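J.: As input, take coords-v2.cif (mmCIF, C-alpha atoms):
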data_model
#
loop_
_atom_site.label_atom_id
_atom_site.label_comp_id
_atom_site.auth_asym_id
_atom_site.auth_seq_id
_atom_site.Cartn_x
_atom_site.Cartn_y
_atom_site.Cartn_z
CA MET A 1 -29.57 7.25 8.38
CA ARG A 2 -27.93 3.92 9.14
CA SER A 3 -24.67 5.19 7.68
CA VAL A 4 -24.72 8.09 10.15
CA TYR A 5 -24.97 5.67 13.09
CA VAL A 6 -22.18 3.46 11.77
CA SER A 7 -19.98 6.45 11.00
CA THR A 8 -20.62 7.94 14.47
CA ILE A 9 -19.72 4.67 16.16
CA LEU A 10 -16.54 4.27 14.10
CA MET A 11 -15.48 7.88 14.67
CA PHE A 12 -16.18 7.67 18.40
CA GLY A 13 -14.17 4.46 18.49
CA LEU A 14 -11.27 6.27 16.87
CA TRP A 15 -11.70 9.16 19.30
CA LEU A 16 -11.65 6.74 22.25
CA ALA A 17 -8.52 5.06 20.94
CA LEU A 18 -6.65 8.32 20.41
CA SER A 19 -7.80 10.59 23.21
CA GLY A 20 -6.68 8.93 26.43
CA HIS A 21 -8.98 11.19 28.49
CA TYR A 22 -11.94 9.37 29.97
CA THR A 23 -13.82 11.86 32.13
CA PRO A 24 -17.59 12.04 31.57
CA LEU A 25 -17.44 15.60 30.18
CA LEU A 26 -14.76 14.80 27.60
CA LEU A 27 -16.42 11.51 26.66
CA ALA A 28 -19.66 13.38 26.00
CA LEU A 29 -17.89 16.04 23.98
CA GLY A 30 -16.12 13.34 21.95
CA ALA A 31 -19.38 11.55 21.22
CA LEU A 32 -21.00 14.84 20.24
CA SER A 33 -18.20 15.75 17.85
CA ALA A 34 -18.35 12.27 16.29
CA LEU A 35 -22.08 12.73 15.75
CA GLY A 36 -21.60 16.26 14.40
CA VAL A 37 -18.95 15.20 11.91
CA SER A 38 -21.13 12.30 10.74
CA LEU A 39 -24.13 14.58 10.25
CA LEU A 40 -21.98 17.05 8.29
CA ALA A 41 -20.61 14.19 6.16
CA LYS A 42 -24.17 13.00 5.52
CA ARG A 43 -25.15 16.52 4.47
CA MET A 44 -22.15 16.62 2.11
CA ASN A 45 -23.33 13.32 0.57
CA VAL A 46 -20.00 11.62 1.13
CA LEU A 47 -21.39 8.84 3.35
CA ASP A 48 -22.13 6.61 0.37
CA GLU A 49 -20.78 3.17 -0.45
CA GLU A 50 -17.48 4.69 -1.56
CA GLY A 51 -17.00 6.99 1.43
CA LEU A 52 -18.01 4.42 4.02
CA PRO A 53 -17.51 0.92 2.62
CA ILE A 54 -18.66 -0.97 5.70
CA GLY A 55 -18.60 -4.36 4.02
CA ILE A 56 -14.91 -4.06 3.24
CA LEU A 57 -13.96 -3.96 6.91
CA PHE A 58 -14.82 -7.63 7.35
CA ARG A 59 -12.98 -8.86 4.25
CA LEU A 60 -9.98 -6.60 4.59
CA PRO A 61 -7.95 -8.72 7.06
CA ARG A 62 -7.57 -11.68 4.68
CA VAL A 63 -6.49 -9.53 1.74
CA THR A 64 -4.22 -7.52 4.03
CA LEU A 65 -2.40 -10.66 5.17
CA TRP A 66 -2.02 -11.74 1.54
CA ILE A 67 -0.65 -8.37 0.41
CA ILE A 68 1.81 -8.27 3.35
CA TRP A 69 3.13 -11.68 2.28
CA GLU A 70 3.44 -10.50 -1.35
CA ILE A 71 5.23 -7.32 -0.21
CA LEU A 72 7.76 -9.30 1.84
CA LYS A 73 8.43 -11.68 -1.08
CA SER A 74 8.95 -8.95 -3.65
CA ASN A 75 11.05 -6.90 -1.23
CA LEU A 76 13.57 -9.76 -1.29
CA GLY A 77 13.37 -9.85 -5.09
CA VAL A 78 14.11 -6.13 -5.41
CA ILE A 79 16.97 -6.35 -2.91
CA ARG A 80 18.46 -9.12 -5.06
CA VAL A 81 18.35 -6.80 -8.08
CA ILE A 82 19.85 -3.93 -6.09
CA ILE A 83 22.77 -6.13 -5.10
CA ALA A 84 23.30 -7.06 -8.76
CA PRO A 85 21.86 -4.23 -10.91
CA SER A 86 22.77 -6.10 -14.10
CA LYS A 87 19.87 -8.44 -13.31
CA ALA A 88 17.42 -5.59 -13.88
CA ALA A 89 15.31 -6.13 -16.98
CA PRO A 90 12.78 -3.31 -16.79
CA GLN A 91 9.56 -3.71 -18.76
CA LEU A 92 6.37 -1.83 -19.39
CA VAL A 93 3.37 -4.16 -19.41
CA THR A 94 -0.36 -3.62 -19.63
CA VAL A 95 -2.41 -5.28 -16.91
CA LEU A 96 -6.11 -5.86 -17.35
CA ALA A 97 -8.18 -4.78 -14.37
CA GLY A 98 -11.46 -6.55 -13.72
CA GLN A 99 -12.81 -3.88 -11.37
CA HIS A 100 -15.98 -1.97 -12.17
CA THR A 101 -15.75 0.99 -9.84
CA ALA A 102 -13.26 3.83 -9.69
CA ALA A 103 -12.43 2.91 -6.09
CA GLY A 104 -11.71 -0.68 -7.13
CA LEU A 105 -9.44 0.41 -9.95
CA VAL A 106 -7.55 2.78 -7.64
CA THR A 107 -7.16 -0.01 -5.09
CA HIS A 108 -5.76 -2.30 -7.77
CA ALA A 109 -3.28 0.34 -8.96
CA ASN A 110 -2.31 1.07 -5.37
CA PHE A 111 -1.73 -2.62 -4.64
CA ILE A 112 0.49 -2.87 -7.72
CA THR A 113 2.57 0.09 -6.58
CA LEU A 114 2.58 -1.13 -2.99
CA THR A 115 4.35 -4.33 -4.03
CA PRO A 116 7.96 -3.39 -4.66
CA GLY A 117 9.22 -4.22 -8.12
CA THR A 118 6.11 -2.97 -9.86
CA VAL A 119 4.82 0.58 -10.18
CA SER A 120 1.60 1.53 -11.92
CA VAL A 121 2.50 4.28 -14.35
CA GLN A 122 -0.85 5.05 -15.90
CA VAL A 123 -4.43 3.98 -15.25
CA ASP A 124 -6.84 3.91 -18.17
CA GLU A 125 -10.33 4.05 -16.71
CA ASP A 126 -12.13 3.60 -20.02
CA ARG A 127 -10.30 0.47 -21.10
CA ASN A 128 -9.75 -0.88 -17.59
CA GLU A 129 -6.03 -1.14 -18.16
CA ILE A 130 -3.12 -0.30 -15.94
CA ILE A 131 0.28 0.31 -17.48
CA VAL A 132 2.84 -1.15 -15.12
CA HIS A 133 6.59 -0.66 -14.95
CA GLY A 134 8.20 -3.82 -13.65
CA LEU A 135 11.80 -4.17 -12.56
CA THR A 136 12.22 -7.65 -14.06
CA GLN A 137 10.23 -10.17 -16.07
CA GLU A 138 9.25 -12.10 -12.92
CA PHE A 139 7.70 -9.07 -11.27
CA CYS A 140 5.67 -8.35 -14.41
CA ASN A 141 4.48 -11.95 -14.65
CA ALA A 142 3.47 -11.97 -10.98
CA THR A 143 1.35 -8.87 -11.58
CA LYS A 144 -0.15 -10.15 -14.82
CA ASP A 145 -1.15 -13.62 -13.61
CA GLY A 146 -4.43 -12.26 -12.28
CA SER A 147 -4.12 -13.27 -8.63
CA MET A 148 -3.95 -9.66 -7.49
CA ASP A 149 -6.83 -8.77 -9.81
CA ALA A 150 -8.89 -11.53 -8.20
CA LYS A 151 -8.05 -10.35 -4.68
CA VAL A 152 -9.03 -6.76 -5.43
CA SER A 153 -12.22 -7.89 -7.13
CA LEU A 154 -13.00 -9.93 -4.02
CA LEU A 155 -12.75 -6.73 -1.99
CA GLU A 156 -14.82 -4.82 -4.48
CA LYS A 157 -17.51 -7.19 -5.65
CA ARG A 158 -19.39 -7.98 -2.51
CA THR A 159 -19.22 -4.28 -1.70
CA VAL A 160 -21.39 -3.57 -4.71
CA SER A 161 -23.97 -6.22 -3.88
CA GLY A 162 -23.76 -5.75 -0.11
CA THR A 163 -25.55 -3.13 2.03
CA MET B 164 8.78 -13.64 31.63
CA MET B 165 9.76 -16.14 28.99
CA VAL B 166 7.13 -14.88 26.54
CA GLU B 167 8.23 -11.28 27.09
CA ASN B 168 11.79 -12.23 26.19
CA ILE B 169 10.69 -13.89 22.99
CA VAL B 170 8.59 -10.88 22.01
CA THR B 171 11.53 -8.55 22.70
CA VAL B 172 13.80 -10.69 20.55
CA ILE B 173 11.29 -10.67 17.69
CA ALA B 174 10.92 -6.89 18.06
CA ILE B 175 14.68 -6.31 17.90
CA PHE B 176 15.00 -8.72 14.96
CA SER B 177 12.22 -6.96 13.09
CA LEU B 178 13.70 -3.51 13.81
CA GLY B 179 17.08 -4.71 12.55
CA VAL B 180 15.73 -6.28 9.37
CA GLY B 181 13.60 -3.19 8.74
CA SER B 182 16.64 -0.93 9.09
CA LEU B 183 18.52 -3.17 6.66
CA GLY B 184 15.58 -2.82 4.28
CA VAL B 185 15.78 0.97 4.47
CA LEU B 186 19.52 0.75 3.83
CA PHE B 187 18.99 -1.45 0.76
CA GLY B 188 16.29 0.90 -0.46
CA ALA B 189 18.68 3.83 -0.23
CA LEU B 190 21.33 1.76 -2.05
CA GLY B 191 18.78 1.01 -4.73
CA LEU B 192 18.05 4.70 -5.17
CA LEU B 193 21.74 5.21 -5.89
CA ARG B 194 22.53 2.12 -7.93
CA LEU B 195 19.58 1.49 -10.26
CA GLY B 196 19.37 2.72 -13.81
CA ASP B 197 16.68 5.31 -14.44
CA VAL B 198 13.93 7.18 -12.62
CA TYR B 199 11.45 4.30 -12.92
CA GLN B 200 13.87 1.71 -11.60
CA ARG B 201 14.94 3.92 -8.74
CA MET B 202 11.33 4.13 -7.65
CA HIS B 203 11.39 0.39 -6.98
CA GLY B 204 14.29 0.99 -4.63
CA ALA B 205 12.29 3.66 -2.85
CA GLY B 206 9.42 1.18 -2.68
CA ILE B 207 11.44 -1.03 -0.34
CA ILE B 208 11.89 1.85 2.07
CA ASP B 209 8.24 2.58 2.58
CA THR B 210 6.91 -0.99 2.49
CA GLY B 211 9.35 -3.50 3.90
CA GLY B 212 11.57 -1.03 5.72
CA ALA B 213 8.96 1.16 7.36
CA GLY B 214 6.60 -1.80 7.77
CA LEU B 215 9.05 -3.96 9.68
CA ILE B 216 10.24 -1.05 11.82
CA LEU B 217 6.63 -0.22 12.70
CA PHE B 218 5.97 -3.91 13.46
CA GLY B 219 9.00 -4.03 15.74
CA LEU B 220 7.88 -0.87 17.53
CA LEU B 221 4.39 -2.35 17.83
CA LEU B 222 5.77 -5.40 19.63
CA ALA B 223 7.87 -3.17 21.89
CA SER B 224 5.14 -0.61 22.59
CA PRO B 225 4.55 -0.05 26.32
CA ASP B 226 0.75 0.26 26.19
CA TRP B 227 -2.15 -0.03 23.80
CA THR B 228 -2.58 3.68 23.05
CA VAL B 229 0.87 3.68 21.45
CA SER B 230 -0.03 0.52 19.51
CA VAL B 231 -3.17 2.16 18.12
CA ARG B 232 -1.14 5.10 16.85
CA LEU B 233 1.47 2.81 15.29
CA VAL B 234 -1.24 0.83 13.45
CA LEU B 235 -2.76 4.10 12.19
CA ILE B 236 0.65 5.28 10.96
CA GLY B 237 1.03 1.97 9.13
CA LEU B 238 -2.37 2.35 7.46
CA LEU B 239 -1.58 5.93 6.49
CA LEU B 240 1.74 4.86 4.94
CA ALA B 241 0.06 1.99 3.06
CA LEU B 242 -2.36 4.44 1.48
CA THR B 243 -0.14 7.44 0.83
CA SER B 244 3.21 5.99 -0.23
CA PRO B 245 1.93 4.16 -3.34
CA THR B 246 -0.08 7.25 -4.25
CA ALA B 247 3.01 9.42 -4.11
CA THR B 248 5.05 6.85 -6.04
CA HIS B 249 2.35 6.63 -8.69
CA ALA B 250 2.23 10.44 -8.94
CA ILE B 251 5.96 10.56 -9.67
CA ALA B 252 5.78 7.69 -12.18
CA ARG B 253 2.81 9.26 -13.94
CA ALA B 254 4.46 12.67 -14.03
CA ALA B 255 7.61 11.16 -15.53
CA HIS B 256 5.54 9.21 -18.05
CA PHE B 257 3.58 12.27 -19.16
CA ALA B 258 6.69 14.43 -19.26
CA GLY B 259 7.95 11.99 -21.86
CA VAL B 260 10.68 10.28 -19.87
CA LYS B 261 11.23 7.00 -21.69
CA PRO B 262 12.09 4.10 -19.41
CA LEU B 263 15.13 2.03 -20.18
CA LEU B 264 13.67 -1.25 -21.36
CA LYS B 265 15.13 -4.69 -21.67
CA THR B 266 13.00 -7.38 -23.22
CA SER B 267 15.14 -10.41 -22.40
CA PRO B 268 17.90 -10.79 -19.85
CA ASP B 269 20.53 -11.07 -22.62
CA ALA B 270 19.32 -8.25 -24.85
CA PRO B 271 21.13 -4.96 -24.50
CA ILE B 272 19.26 -2.20 -22.71
CA GLU B 273 17.58 -0.03 -25.30
CA LYS B 274 15.91 3.33 -25.13
CA GLY B 275 12.43 4.10 -26.39
CA ALA B 276 9.51 1.83 -27.30
CA ASP B 277 6.68 3.31 -25.32
CA GLU B 278 3.93 1.08 -23.96
#
Show how you would write the structure in this file as structure tokens.

T.:
Amino acid sequence: MRSVYVSTILMFGLWLALSGHYTPLLLALGALSALGVSLLAKRMNVLDEEGLPIGILFRLPRVTLWIIWEILKSNLGVIRVIIAPSKAAPQLVTVLAGQHTAAGLVTHANFITLTPGTVSVQVDEDRNEIIVHGLTQEFCNATKDGSMDAKVSLLEKRTVSGT
Amino acid sequence: MMVENIVTVIAIFSLGVGSLGVLFGALGLLRLGDVYQRMHGAGIIDTGGAGLILFGLLLASPDWTVSVRLVLIGLLLALTSPTATHAIARAAHFAGVKPLLKTSPDAPIEKGADE
């Protein structure tokens, strides 16, 4: 039941931020719809740890800042290659993923693709491997050195033990 | 007044750099070698390019309701654009498109050698 409260509060917060109408009637209707949607989601059994990872919200800012920094750095790297395409040395590498949940693995693959210069081509859920296409050797090394793996695991791990 | 000026300057700077990023991404789409490499060019457009433009708009936004929408657009892009890129890469991979590979900077680009 706790997840219904949290979901209602979050949804009503989103409603407040997007609506712009603050008359008592509309506020009440907004709160009611937030509650209704949360109850429906509960009934559909999607309000579990994966659908509503509350714990992540508090750790997300740090990882977000880190990934923004990585994105800016590799953007410059890719632009350098675009200016001189002969510098491109494309590779396919296999990256080990230390995540234990499907959501964690997807997040890792998404982070890899989100950083320019590397694209996850295939995710192997059984062997916890992600096949990555990198534009140059440096991009591949940056993905393989495990720092991104550690960051994603940080997001994931305490989610499993928390709540 | 002074602070407002600085924020405006940062906003314009960020919009300009973001536009340049989009331009370079488009150039990359045209100049790079094969479908996989071109995806990296497209990656610049929806991370650095769109990100910096959204950041610039965020700084220039007149009130907080606009800011909220801009942040939500940014989150949506951060979730959907890698998913779409991965879908294309995966489709190409499964369709049997072999990436051009180059093991060392001096070696000639060779076809084949999967995984």

J.: Report, as AutoDock Vina command-line options, the axis-aligned box around all atoms of region 32-50 of chain A present in the file, extended by 3 Å on each side; give centre and edge lengths in Å to one decimal place.

T.:
--center_x -21.3 --center_y 10.1 --center_z 9.3 --size_x 13.7 --size_y 19.9 --size_z 27.8

J.: If the cut-off is 9 Å, can you tell me the residues of chain A near chain B, counting all atoms listed in the file? I'd like them as a PyMOL selection string.

T.: chain A and resi 17-20+68+71-72+74-75+78-79+81-83+85-94+109-122+131+133-137

J.: Applying 12 Å and all atoms listed in the file, which residues near Ser147 (chain A) remain after dropping the ones on its own chain fewer than 3 positions away? List them as a count of residues only.

T.: 20

J.: Which distance in Å separates CA of Thr64 (chain A) and CA of Met11 (chain A), to one decimal?

T.: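 Separation of CA of Thr64 (chain A) and CA of Met11 (chain A): 21.8 Å.
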
J.: May I ask for the distance between CA of Leu76 (chain A) and CA of Glu138 (chain A), given in Å to one decimal place?

T.: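 Computing it gives 12.6 Å between the two atoms.
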
J.: Excluding same-chain residues fewer than 3 positions from Ser177 (chain B), what lies within 7 Å of it counting all atoms listed in the file, as a PyMOL selection string?

T.: chain B and resi 173-174+180-181+215-216+218-219

J.: Go ahead and compute the interatomic distance for CA of Phe139 (chain A) and CA of Gly77 (chain A), in Å to one decimal.

T.: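 Calculated distance between CA of Phe139 (chain A) and CA of Gly77 (chain A) is 8.4 Å.
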